[in-house]
file final_17.txt (compact mmCIF, C-alpha atoms)
# COMPACT_ATOMS: atom_id res chain seq x y z
CA MET A 1 17.44 -26.08 23.47
CA ILE A 2 16.93 -26.41 19.70
CA LYS A 3 17.10 -22.63 19.42
CA ASP A 4 20.42 -22.57 21.32
CA TYR A 5 21.76 -25.34 19.08
CA ARG A 6 20.85 -23.40 15.94
CA LEU A 7 22.45 -20.28 17.35
CA ASN A 8 25.65 -22.11 18.23
CA PHE A 9 25.70 -23.82 14.85
CA ARG A 10 25.39 -20.48 13.04
CA ASN A 11 28.18 -19.02 15.13
CA PHE A 12 30.32 -22.07 14.37
CA ILE A 13 29.74 -21.64 10.62
CA SER A 14 30.53 -17.93 10.96
CA PHE A 15 33.79 -18.80 12.72
CA ILE A 16 34.81 -21.27 10.00
CA LEU A 17 34.02 -18.78 7.25
CA PHE A 18 35.80 -16.02 9.15
CA CYS A 19 38.97 -18.12 9.20
CA ILE A 20 38.69 -18.48 5.42
CA ASN A 21 37.86 -14.95 4.30
CA PRO A 22 36.22 -11.90 5.94
CA PHE A 23 34.01 -11.04 2.96
CA ILE A 24 32.52 -14.54 2.80
CA CYS A 25 31.99 -14.39 6.56
CA TYR A 26 30.37 -10.96 6.24
CA VAL A 27 27.85 -12.19 3.65
CA TYR A 28 26.89 -15.25 5.70
CA SER A 29 26.80 -13.35 9.00
CA THR A 30 24.62 -10.63 7.48
CA LEU A 31 22.10 -13.21 6.25
CA SER A 32 22.21 -14.93 9.64
CA TYR A 33 21.76 -11.60 11.42
CA ILE A 34 18.71 -10.63 9.37
CA LYS A 35 17.19 -14.12 9.50
CA GLY A 36 17.75 -14.27 13.24
CA ARG A 37 16.08 -10.86 13.62
CA GLY A 38 19.19 -9.13 14.86
CA LYS A 39 20.20 -11.75 17.39
CA ASN A 40 22.67 -13.95 15.47
CA SER A 41 26.29 -13.57 14.37
CA VAL A 42 26.76 -10.03 15.72
CA PHE A 43 30.36 -10.69 16.75
CA PHE A 44 31.54 -12.18 13.44
CA LEU A 45 29.48 -9.72 11.38
CA SER A 46 31.25 -6.83 13.13
CA LEU A 47 34.68 -8.47 13.09
CA SER A 48 34.62 -9.37 9.39
CA LEU A 49 33.36 -5.94 8.33
CA ALA A 50 36.04 -4.27 10.49
CA ILE A 51 38.76 -6.21 8.64
CA ILE A 52 37.31 -5.18 5.28
CA PHE A 53 37.19 -1.54 6.36
CA ILE A 54 40.83 -1.34 7.45
CA TYR A 55 41.92 -2.26 3.93
CA LEU A 56 39.84 0.44 2.29
CA PRO A 57 41.41 3.91 1.80
CA ILE A 58 42.50 5.70 4.95
CA MET A 59 40.40 8.81 5.54
CA TYR A 60 41.44 12.36 6.40
CA ASP A 61 40.94 12.49 10.18
CA THR A 62 42.32 8.99 10.65
CA SER A 63 45.42 9.99 8.71
CA ALA A 64 45.88 13.09 10.86
CA ASN A 65 45.48 11.03 14.02
CA PHE A 66 48.12 8.59 12.81
CA TYR A 67 50.71 11.34 12.58
CA LYS A 68 49.67 12.72 15.97
CA VAL A 69 50.31 9.31 17.50
CA HIS A 70 53.42 8.61 15.43
CA TYR A 71 55.05 11.89 16.43
CA LEU A 72 53.65 11.69 19.99
CA MET A 73 51.50 14.75 19.48
CA ASP A 74 47.96 15.37 20.60
CA GLY A 75 45.15 17.86 20.09
CA GLU A 76 44.17 20.84 22.23
CA ILE A 77 42.39 18.53 24.67
CA PRO A 78 44.09 15.20 25.52
CA ASN A 79 41.86 12.30 24.54
CA LEU A 80 41.75 8.61 25.34
CA TYR A 81 41.58 7.78 21.63
CA ASN A 82 45.16 8.86 20.88
CA TRP A 83 46.51 8.52 24.41
CA PHE A 84 45.74 4.79 24.50
CA ALA A 85 47.62 4.22 21.23
CA VAL A 86 50.59 6.32 22.35
CA LYS A 87 50.76 4.57 25.72
CA MET A 88 50.54 1.05 24.30
CA ARG A 89 53.14 1.82 21.64
CA SER A 90 55.53 2.95 24.37
CA TYR A 91 55.48 -0.58 25.81
CA ILE A 92 55.12 -2.81 22.75
CA THR A 93 55.74 -2.53 19.03
CA ILE A 94 52.29 -2.33 17.48
CA ASP A 95 51.08 -0.57 14.35
CA PHE A 96 48.58 2.29 14.62
CA TYR A 97 46.02 0.61 12.41
CA TYR A 98 45.48 -2.18 14.94
CA PHE A 99 43.91 0.48 17.16
CA ILE A 100 41.71 1.63 14.27
CA PHE A 101 40.69 -1.99 13.80
CA LEU A 102 39.72 -2.18 17.48
CA TYR A 103 37.81 1.10 17.39
CA VAL A 104 35.94 0.15 14.21
CA PHE A 105 35.02 -3.23 15.68
CA VAL A 106 33.62 -1.57 18.83
CA ILE A 107 31.56 0.84 16.69
CA LEU A 108 30.16 -1.91 14.51
CA TYR A 109 29.52 -4.31 17.39
CA SER A 110 27.73 -1.61 19.40
CA TRP A 111 25.65 -0.70 16.38
CA PHE A 112 24.56 -4.20 15.34
CA LYS A 113 24.08 -5.32 18.95
CA CYS A 114 21.86 -2.37 19.88
CA VAL A 115 19.85 -2.45 16.66
CA GLY A 116 19.20 -6.17 17.13
CA TYR A 117 18.39 -5.82 20.82
CA GLN A 118 15.87 -3.01 20.33
CA TYR A 119 14.35 -4.53 17.21
CA ASP A 120 10.65 -5.15 17.69
CA THR A 121 9.10 -8.07 15.79
CA SER A 122 5.49 -7.26 16.68
CA GLU A 123 4.71 -6.27 13.08
CA LYS A 124 5.44 -8.75 10.28
CA TYR A 125 6.71 -6.22 7.77
CA LYS A 126 9.40 -4.99 10.12
CA THR A 127 12.04 -7.42 8.85
CA ILE A 128 12.70 -4.98 6.03
CA TYR A 129 13.00 -2.29 8.70
CA LEU A 130 15.84 -4.22 10.33
CA LEU A 131 17.58 -4.80 7.00
CA ILE A 132 17.47 -1.15 5.94
CA VAL A 133 18.28 0.38 9.33
CA ALA A 134 21.14 -2.00 10.17
CA LEU A 135 22.87 -1.95 6.77
CA PHE A 136 22.08 1.46 5.28
CA SER A 137 22.25 3.93 8.18
CA LEU A 138 26.01 4.23 8.70
CA ASN A 139 28.37 4.81 5.81
CA TYR A 140 32.10 4.29 5.42
CA ARG A 141 33.03 7.90 6.12
CA ASP A 142 30.98 8.00 9.34
CA ILE A 143 33.02 5.12 10.69
CA MET A 144 36.45 5.67 9.16
CA ASP A 145 36.83 9.45 8.85
CA ILE A 146 35.04 10.85 11.89
CA ASN A 147 36.11 7.71 13.68
CA ARG A 148 36.79 9.33 17.04
CA ASN A 149 33.34 10.93 17.24
CA CYS A 150 31.66 7.74 16.09
CA TYR A 151 33.65 5.70 18.62
CA ALA A 152 32.70 8.02 21.49
CA TYR A 153 29.03 8.04 20.51
CA SER A 154 28.96 4.25 20.13
CA VAL A 155 30.05 3.91 23.78
CA PHE A 156 27.02 6.00 24.74
CA LEU A 157 24.93 3.92 22.35
CA ILE A 158 25.85 0.56 23.90
CA TYR A 159 24.93 1.85 27.35
CA TYR A 160 21.73 3.63 26.37
CA TYR A 161 20.16 0.91 24.25
CA TYR A 162 21.72 -2.28 25.61
CA LEU A 163 23.61 -2.30 28.94
CA LYS A 164 21.02 -0.13 30.70
CA ASP A 165 18.20 -2.53 29.78
CA ARG A 166 20.09 -5.82 29.77
CA PHE A 167 21.79 -5.38 33.15
CA PRO A 168 19.49 -3.16 35.25
CA ASN A 169 21.20 -4.14 38.51
CA PHE A 170 24.51 -2.76 37.24
CA LYS A 171 23.25 0.26 35.32
CA ILE A 172 24.92 2.77 37.67
CA PHE A 173 28.26 1.03 37.24
CA PHE A 174 27.90 0.93 33.46
CA LEU A 175 26.66 4.53 33.45
CA LEU A 176 29.79 5.81 35.20
CA LEU A 177 32.07 3.59 33.11
CA THR A 178 30.66 4.51 29.70
CA LEU A 179 30.25 8.17 30.67
CA SER A 180 33.93 8.50 31.56
CA ILE A 181 35.14 6.52 28.54
CA SER A 182 33.00 8.28 25.93
CA ILE A 183 33.86 11.80 27.11
CA SER A 184 37.54 10.85 27.36
CA ILE A 185 37.45 9.71 23.74
CA HIS A 186 35.75 12.87 22.44
CA ILE A 187 34.44 15.74 24.51
CA SER A 188 31.47 16.24 22.17
CA ALA A 189 29.93 13.11 23.74
CA ILE A 190 29.09 15.30 26.73
CA LEU A 191 26.19 16.67 24.68
CA LEU A 192 24.56 13.22 24.59
CA TRP A 193 25.00 12.74 28.33
CA LEU A 194 23.61 16.19 29.14
CA ILE A 195 20.50 15.54 27.06
CA PHE A 196 20.26 12.08 28.65
CA LEU A 197 20.32 13.70 32.10
CA ILE A 198 17.76 16.35 31.15
CA THR A 199 15.31 13.90 29.57
CA ASN A 200 15.49 11.62 32.60
CA ILE A 201 14.91 14.44 35.07
CA ARG A 202 12.21 16.32 33.18
CA LYS A 203 9.22 14.68 31.51
CA PHE A 204 8.50 17.37 28.86
CA LYS A 205 4.74 16.80 28.91
CA GLY A 206 3.89 20.06 27.14
CA ARG A 207 4.56 21.12 23.57
CA ALA A 208 7.79 22.98 24.29
CA LEU A 209 9.95 20.39 22.50
CA ASP A 210 7.61 20.32 19.51
CA ILE A 211 7.67 24.10 19.16
CA ALA A 212 11.46 24.19 19.57
CA PHE A 213 11.82 21.64 16.78
CA TYR A 214 9.73 23.66 14.33
CA MET A 215 11.51 26.87 15.32
CA SER A 216 14.89 25.25 14.69
CA VAL A 217 14.02 24.91 11.01
CA VAL A 218 13.49 28.68 10.78
CA LEU A 219 16.33 29.67 13.10
CA ALA A 220 18.78 27.53 11.11
CA PHE A 221 18.95 30.31 8.52
CA VAL A 222 19.72 33.08 11.03
CA MET A 223 21.84 31.07 13.49
CA PRO A 224 25.17 32.16 11.93
CA ILE A 225 24.20 35.81 12.50
CA ILE A 226 23.23 35.15 16.13
CA LEU A 227 26.43 33.25 16.83
CA ASN A 228 28.60 35.93 15.26
CA LEU A 229 27.01 38.52 17.54
CA SER A 230 27.68 36.34 20.61
CA GLN A 231 31.30 35.52 19.71
CA GLY A 232 32.71 38.13 22.09
CA ILE A 233 30.67 36.85 25.04
CA LEU A 234 31.71 33.24 24.50
CA GLY A 235 35.34 34.24 24.03
CA SER A 236 35.40 36.00 27.41
CA ILE A 237 34.30 32.87 29.33
CA GLY A 238 37.51 30.92 28.81
CA GLY A 239 38.25 27.30 29.71
CA ALA A 240 39.04 24.17 27.71
CA PHE A 241 35.43 23.37 26.82
CA THR A 242 34.70 26.94 25.70
CA SER A 243 37.89 26.91 23.64
CA ARG A 244 36.71 23.78 21.86
CA LEU A 245 33.24 25.24 21.33
CA MET A 246 34.78 28.39 19.85
CA TYR A 247 36.76 26.16 17.51
CA TYR A 248 33.60 24.38 16.37
CA LEU A 249 31.68 27.61 15.80
CA TYR A 250 34.18 30.19 14.57
CA ASP A 251 37.43 28.68 13.37
CA SER A 252 37.81 29.41 9.65
CA GLY A 253 39.28 25.99 8.97
CA PHE A 254 36.55 24.13 10.82
CA ALA A 255 33.22 25.90 11.14
CA VAL A 256 33.03 26.71 7.45
CA GLN A 257 29.69 27.78 6.07
CA ASP A 258 30.68 27.52 2.41
CA PHE A 259 29.42 24.11 1.34
CA THR A 260 31.02 22.20 -1.49
CA ILE A 261 28.74 20.27 -3.83
CA SER A 262 29.34 17.06 -1.88
CA THR A 263 28.86 18.59 1.59
CA LEU A 264 25.77 20.47 0.39
CA MET A 265 24.30 17.24 -0.98
CA LYS A 266 24.98 15.48 2.30
CA LYS A 267 23.48 18.39 4.22
CA ILE A 268 20.26 18.38 2.21
CA LEU A 269 19.79 14.60 2.49
CA ASN A 270 20.53 14.60 6.22
CA PHE A 271 18.36 17.67 6.81
CA ILE A 272 15.32 16.07 5.17
CA LEU A 273 15.81 12.73 6.94
CA ILE A 274 16.28 14.34 10.35
CA PHE A 275 13.22 16.52 9.79
CA PHE A 276 11.01 13.48 9.19
CA ILE A 277 12.55 11.63 12.15
CA GLY A 278 11.62 14.64 14.27
CA ILE A 279 8.05 14.62 12.93
CA LEU A 280 7.74 10.92 13.83
CA CYS A 281 8.90 11.68 17.37
CA ILE A 282 6.43 14.57 17.71
CA LEU A 283 3.52 12.40 16.56
CA ASP A 284 4.43 9.77 19.14
CA ARG A 285 4.72 12.35 21.91
CA LYS A 286 1.01 13.06 21.55
CA ARG A 287 0.34 9.54 22.85
CA ASN A 288 3.40 8.67 24.96
CA ASN A 289 6.15 10.38 26.92
CA ASP A 290 9.20 8.24 26.24
CA SER A 291 12.44 9.83 27.47
CA ARG A 292 14.37 8.20 24.61
CA ILE A 293 12.03 9.69 22.04
CA ASN A 294 12.49 13.07 23.73
CA LEU A 295 16.27 12.67 23.52
CA ILE A 296 16.13 11.88 19.81
CA LEU A 297 13.82 14.87 19.23
CA ILE A 298 16.18 17.23 21.07
CA LEU A 299 19.11 15.97 18.98
CA CYS A 300 17.07 16.47 15.80
CA THR A 301 16.30 20.03 16.94
CA LEU A 302 19.95 20.85 17.62
CA SER A 303 21.05 19.23 14.39
CA LEU A 304 18.67 21.34 12.29
CA LEU A 305 19.48 24.44 14.33
CA PHE A 306 23.19 24.18 13.50
CA SER A 307 22.75 22.93 9.96
CA SER A 308 24.56 25.98 8.57
CA TYR A 309 27.79 24.73 10.11
CA VAL A 310 29.25 21.86 8.10
CA THR A 311 31.19 19.97 10.76
CA LEU A 312 28.99 20.77 13.74
CA PHE A 313 25.92 19.65 11.78
CA GLU A 314 27.80 16.55 10.67
CA ARG A 315 28.67 15.57 14.27
CA ILE A 316 25.17 16.06 15.69
CA SER A 317 23.50 14.38 12.72
CA LEU A 318 25.82 11.41 13.25
CA ALA A 319 24.47 11.13 16.80
CA VAL A 320 20.92 11.21 15.41
CA THR A 321 21.85 8.46 12.92
CA LEU A 322 23.19 6.23 15.68
CA LEU A 323 20.05 6.64 17.78
CA TYR A 324 17.06 7.05 15.45
CA PHE A 325 16.38 3.33 14.98
CA TYR A 326 14.68 3.29 18.40
CA ALA A 327 12.00 5.65 17.08
CA ILE A 328 11.49 3.56 13.95
CA PHE A 329 11.23 0.28 15.86
CA LYS A 330 9.39 1.32 19.01
CA ILE A 331 6.85 3.87 17.81
CA ASN A 332 3.67 2.07 16.84
CA GLY A 333 1.73 3.08 13.75
CA PHE A 334 2.49 5.74 11.15
CA PRO A 335 3.51 3.14 8.52
CA ASN A 336 3.50 5.62 5.62
CA LEU A 337 5.77 8.06 7.45
CA LYS A 338 8.11 5.21 8.38
CA LYS A 339 8.26 4.08 4.76
CA ILE A 340 9.25 7.61 3.74
CA ILE A 341 11.99 7.57 6.40
CA LEU A 342 13.27 4.17 5.24
CA LEU A 343 13.30 5.40 1.64
CA LEU A 344 15.28 8.45 2.72
CA ILE A 345 17.78 6.26 4.61
CA VAL A 346 18.39 4.12 1.53
CA SER A 347 18.48 7.12 -0.82
CA ARG A 348 20.94 9.00 1.37
CA THR A 349 23.34 6.06 1.55
CA VAL A 350 23.13 5.17 -2.14
CA ILE A 351 23.50 8.76 -3.37
CA LEU A 352 26.35 9.66 -1.01
CA ASN A 353 28.25 6.44 -1.67
CA LEU A 354 27.92 6.70 -5.44
CA LEU A 355 28.45 10.43 -5.91
CA VAL A 356 30.53 11.50 -2.91
CA TYR A 357 32.44 8.60 -1.37
CA PHE A 358 32.78 6.06 -4.18
CA PRO A 359 35.24 8.26 -6.12
CA ILE A 360 37.59 7.91 -3.13
CA PHE A 361 37.82 4.20 -3.88
CA ILE A 362 38.20 4.31 -7.66
CA GLY A 363 39.11 7.92 -8.46
CA ASP A 364 41.76 10.47 -7.63
CA TYR A 365 42.64 10.51 -3.93
CA SER A 366 46.10 11.97 -4.34
CA ASN A 367 45.72 14.52 -1.54
CA VAL A 368 45.85 11.58 0.88
CA LEU A 369 47.23 8.57 -1.04
CA PRO A 370 49.14 9.63 -4.17
CA ASN A 371 49.86 6.03 -5.24
CA TYR A 372 46.67 5.04 -7.07
CA ASN A 373 47.70 1.46 -7.89
CA ASN A 374 48.69 0.64 -4.31
CA LYS A 375 45.37 1.95 -3.08
CA LEU A 376 43.43 -0.32 -5.47
CA GLU A 377 45.60 -3.30 -4.57
CA LEU A 378 44.87 -2.90 -0.86
CA GLU A 379 41.14 -2.41 -1.46
CA ALA A 380 40.88 -5.76 -3.25
CA LYS A 381 42.69 -7.86 -0.64
CA PRO A 382 39.76 -8.53 1.79
CA PHE A 383 37.70 -10.00 -1.03
CA TYR A 384 40.00 -12.87 -1.94
CA LEU A 385 42.78 -13.31 0.64
CA ASN A 386 42.81 -15.38 3.81
CA THR A 387 41.77 -13.71 7.07
CA PHE A 388 44.96 -14.55 8.97
CA TYR A 389 47.02 -12.98 6.20
CA LEU A 390 44.87 -9.86 6.45
CA LEU A 391 45.22 -9.69 10.23
CA ASP A 392 48.92 -9.07 9.70
CA ILE A 393 48.73 -5.32 9.17
CA ASP A 394 52.13 -5.37 7.46
CA ASN A 395 50.09 -6.48 4.45
CA GLY A 396 47.94 -3.35 4.67
CA TYR A 397 48.12 0.10 6.26
CA SER A 398 51.15 -0.55 8.44
CA ASP A 399 53.10 2.32 9.96
CA LYS A 400 55.80 1.86 7.34
CA TYR A 401 53.28 1.94 4.51
CA LEU A 402 51.57 5.06 5.88
CA ILE A 403 54.83 6.96 6.33
CA ARG A 404 55.80 6.17 2.72
CA ASN A 405 52.43 6.69 1.05
CA ASP A 406 50.09 8.77 3.25
CA ILE A 407 50.59 12.53 3.00
CA TRP A 408 47.50 13.98 4.72
CA GLY A 409 48.44 15.58 8.04
CA LYS A 410 52.08 14.68 7.63
call {"tool": "encode", "arguments": {"input": "final_17.txt", "output": "structure tokens"}}
result
Amino acid sequence: MIKDYRLNFRNFISFILFCINPFICYVYSTLSYIKGRGKNSVFFLSLSLAIIFIYLPIMYDTSANFYKVHYLMDGEIPNLYNWFAVKMRSYITIDFYYFIFLYVFVILYSWFKCVGYQYDTSEKYKTIYLLIVALFSLNYRDIMDINRNCYAYSVFLIYYYYLKDRFPNFKIFFLLLTLSISISIHISAILLWLIFLITNIRKFKGRALDIAFYMSVVLAFVMPIILNLSQGILGSIGGAFTSRLMYYLYDSGFAVQDFTISTLMKKILNFILIFFIGILCILDRKRNNDSRINLILILCTLSLLFSSYVTLFERISLAVTLLYFYAIFKINGFPNLKKIILLLIVSRTVILNLLVYFPIFIGDYSNVLPNYNNKLELEAKPFYLNTFYLLDIDNGYSDKYLIRNDIWGK
């Protein structure tokens, strides 16, 4: 009863602080979340951070999606992500960024909820594990630029690591619900569900997965040649899914293999981290046969295999990022390897934020938002203004503001 009282009291304080300012609420909720070992203040932690995020610079894909919705357009494959916004806006007057706010909240809530639920407190030093994994794994671009992918994967995440375990009597219902929603949001989520199906049907007791992982490191360098040779075969199959796959692999504006300095840096950091995550999974497979560890290992293998393709590698590595905490928390032993992984997680986030993403906030971002002063003014608002003021999107990235100031995808 005392525990419930403390939990309710912390939530009450989070609510009061949330009404005052989202940044203050975020700081308190983060401390409460870590102190409560991932069980406290998940809702207000996610809600306050979502408000902060929607006042930071709009990213490329989000900008393009705004104009698709605004002009009632859609991509090659209709998706629930844009369809829901278009449908709602046909009935009521509501700005596009309210949908982004909802999607970001779902991503963050799924993330913090699953990390906290799967967190294992059996080893005393693991509190630092929770801190690093929860706060340093996802970065701003993961959530706000490739928002649709992240949203779709987070629906899989909440089923796989929370609903499936928390409500075993309803797991079939939640399976069908989250399966249909995630694939409707982004078709790439089908990859996660296929691997989920395979790892639950087959036990993979041999070393086939281990060998495939090591081979993926070598094949990564010749994969572009293999795929170019098979382009004609894939093109002859036809169908919506094949069309999308062809776009991922061969389109000159998408499946680029010429890395910029920033994308190369991100590739190297992700490649090294994913490699060590895979090694951790392989070491555990010698003692156990956990289907979730097998799923993570298969994703690591595919991620490394397609590392020569910027966007495809980015999407699969995002899925690895959303799921790898299970391996860190649940695999017993290997403390030195885990410390290396944690160091890589922190290093990746710090380096990418400082050298790649931070210039978006303080530097030239004129290819999306030409008005530098307006961008800075909006960025500062969540740190000193009242929450209810901020919830009025007319004070931020409203439709009117985006039409006047946002040029990407216009």
call {"tool": "axis_aligned_box", "arguments": {"input": "final_17.txt", "around": "stretch 185-198 of chain A", "padding_each_side": "8 Å", "output": "lines of an AutoDock Vina configuration file"}}
result
center_x = 27.6
center_y = 13.2
center_z = 27.1
size_x = 35.7
size_y = 23.0
size_z = 25.9
call {"tool": "closest_residue", "arguments": {"input": "final_17.txt", "among": "A:Ser41, A:Ile54, A:Arg287, A:Val320", "to": "A:Lys113", "atoms": "all atoms listed in the file"}}
result
A:Ser41
call {"tool": "atom_distance", "arguments": {"input": "final_17.txt", "atom1": "atom CA of A:Ser188", "atom2": "atom CA of A:Ser307"}}
result
16.4 Å
call {"tool": "residues_near_point", "arguments": {"input": "final_17.txt", "point": "(44.2, -3.7, -1.6)", "cutoff": "12 Å", "atoms": "all atoms listed in the file", "output": "ChimeraX atom specification"}}
result
/A:51-58,361-362,371-385,390,393,395-397
call {"tool": "closest_residue", "arguments": {"input": "final_17.txt", "among": "A:Phe105, A:Tyr98, A:Tyr389, A:Tyr117", "to": "A:Lys330", "atoms": "all atoms listed in the file"}}
result
A:Tyr117
call {"tool": "build_atoms", "arguments": {"input": "final_17.txt", "residues": "stretch 122-144 of chain A", "atoms": "N, CA and C atoms", "output": "compact mmCIF listing (two decimals), in the coordinates of the input"}}
result
# COMPACT_ATOMS: atom_id res chain seq x y z
N SER A 122 6.94 -7.19 16.50
CA SER A 122 5.49 -7.26 16.68
C SER A 122 4.73 -7.08 15.37
N GLU A 123 5.35 -6.45 14.38
CA GLU A 123 4.71 -6.27 13.08
C GLU A 123 5.50 -7.05 12.03
N LYS A 124 4.80 -7.82 11.20
CA LYS A 124 5.44 -8.75 10.28
C LYS A 124 6.34 -8.05 9.27
N TYR A 125 5.94 -6.88 8.82
CA TYR A 125 6.71 -6.22 7.77
C TYR A 125 7.97 -5.57 8.28
N LYS A 126 8.26 -5.70 9.56
CA LYS A 126 9.40 -4.99 10.12
C LYS A 126 10.75 -5.65 9.82
N THR A 127 10.75 -6.83 9.22
CA THR A 127 12.04 -7.42 8.85
C THR A 127 12.79 -6.52 7.88
N ILE A 128 12.07 -5.90 6.97
CA ILE A 128 12.70 -4.98 6.03
C ILE A 128 13.21 -3.75 6.77
N TYR A 129 12.53 -3.40 7.88
CA TYR A 129 13.00 -2.29 8.70
C TYR A 129 14.39 -2.60 9.25
N LEU A 130 14.55 -3.81 9.77
CA LEU A 130 15.84 -4.22 10.33
C LEU A 130 16.92 -4.21 9.26
N LEU A 131 16.62 -4.74 8.09
CA LEU A 131 17.58 -4.80 7.00
C LEU A 131 18.06 -3.40 6.61
N ILE A 132 17.12 -2.49 6.40
CA ILE A 132 17.47 -1.15 5.94
C ILE A 132 18.21 -0.36 7.02
N VAL A 133 17.68 -0.39 8.25
CA VAL A 133 18.28 0.38 9.33
C VAL A 133 19.68 -0.12 9.65
N ALA A 134 19.84 -1.44 9.76
CA ALA A 134 21.14 -2.00 10.17
C ALA A 134 22.22 -1.80 9.11
N LEU A 135 21.86 -1.93 7.83
CA LEU A 135 22.87 -1.95 6.77
C LEU A 135 23.02 -0.63 6.01
N PHE A 136 22.03 0.25 6.10
CA PHE A 136 22.08 1.46 5.28
C PHE A 136 22.24 2.76 6.08
N SER A 137 22.21 2.70 7.40
CA SER A 137 22.25 3.93 8.18
C SER A 137 23.65 4.54 8.22
N LEU A 138 24.64 3.74 8.61
CA LEU A 138 26.01 4.23 8.70
C LEU A 138 26.74 4.03 7.39
N ASN A 139 27.56 4.97 7.02
CA ASN A 139 28.37 4.81 5.81
C ASN A 139 29.85 4.76 6.18
N TYR A 140 30.66 4.48 5.18
CA TYR A 140 32.10 4.29 5.42
C TYR A 140 32.75 5.51 6.06
N ARG A 141 32.40 6.69 5.58
CA ARG A 141 33.03 7.90 6.12
C ARG A 141 32.65 8.14 7.58
N ASP A 142 31.40 7.85 7.95
CA ASP A 142 30.98 8.00 9.34
C ASP A 142 31.90 7.22 10.27
N ILE A 143 32.25 6.02 9.83
CA ILE A 143 33.02 5.12 10.69
C ILE A 143 34.52 5.36 10.58
N MET A 144 35.01 5.64 9.38
CA MET A 144 36.45 5.67 9.16
C MET A 144 37.08 7.07 9.12
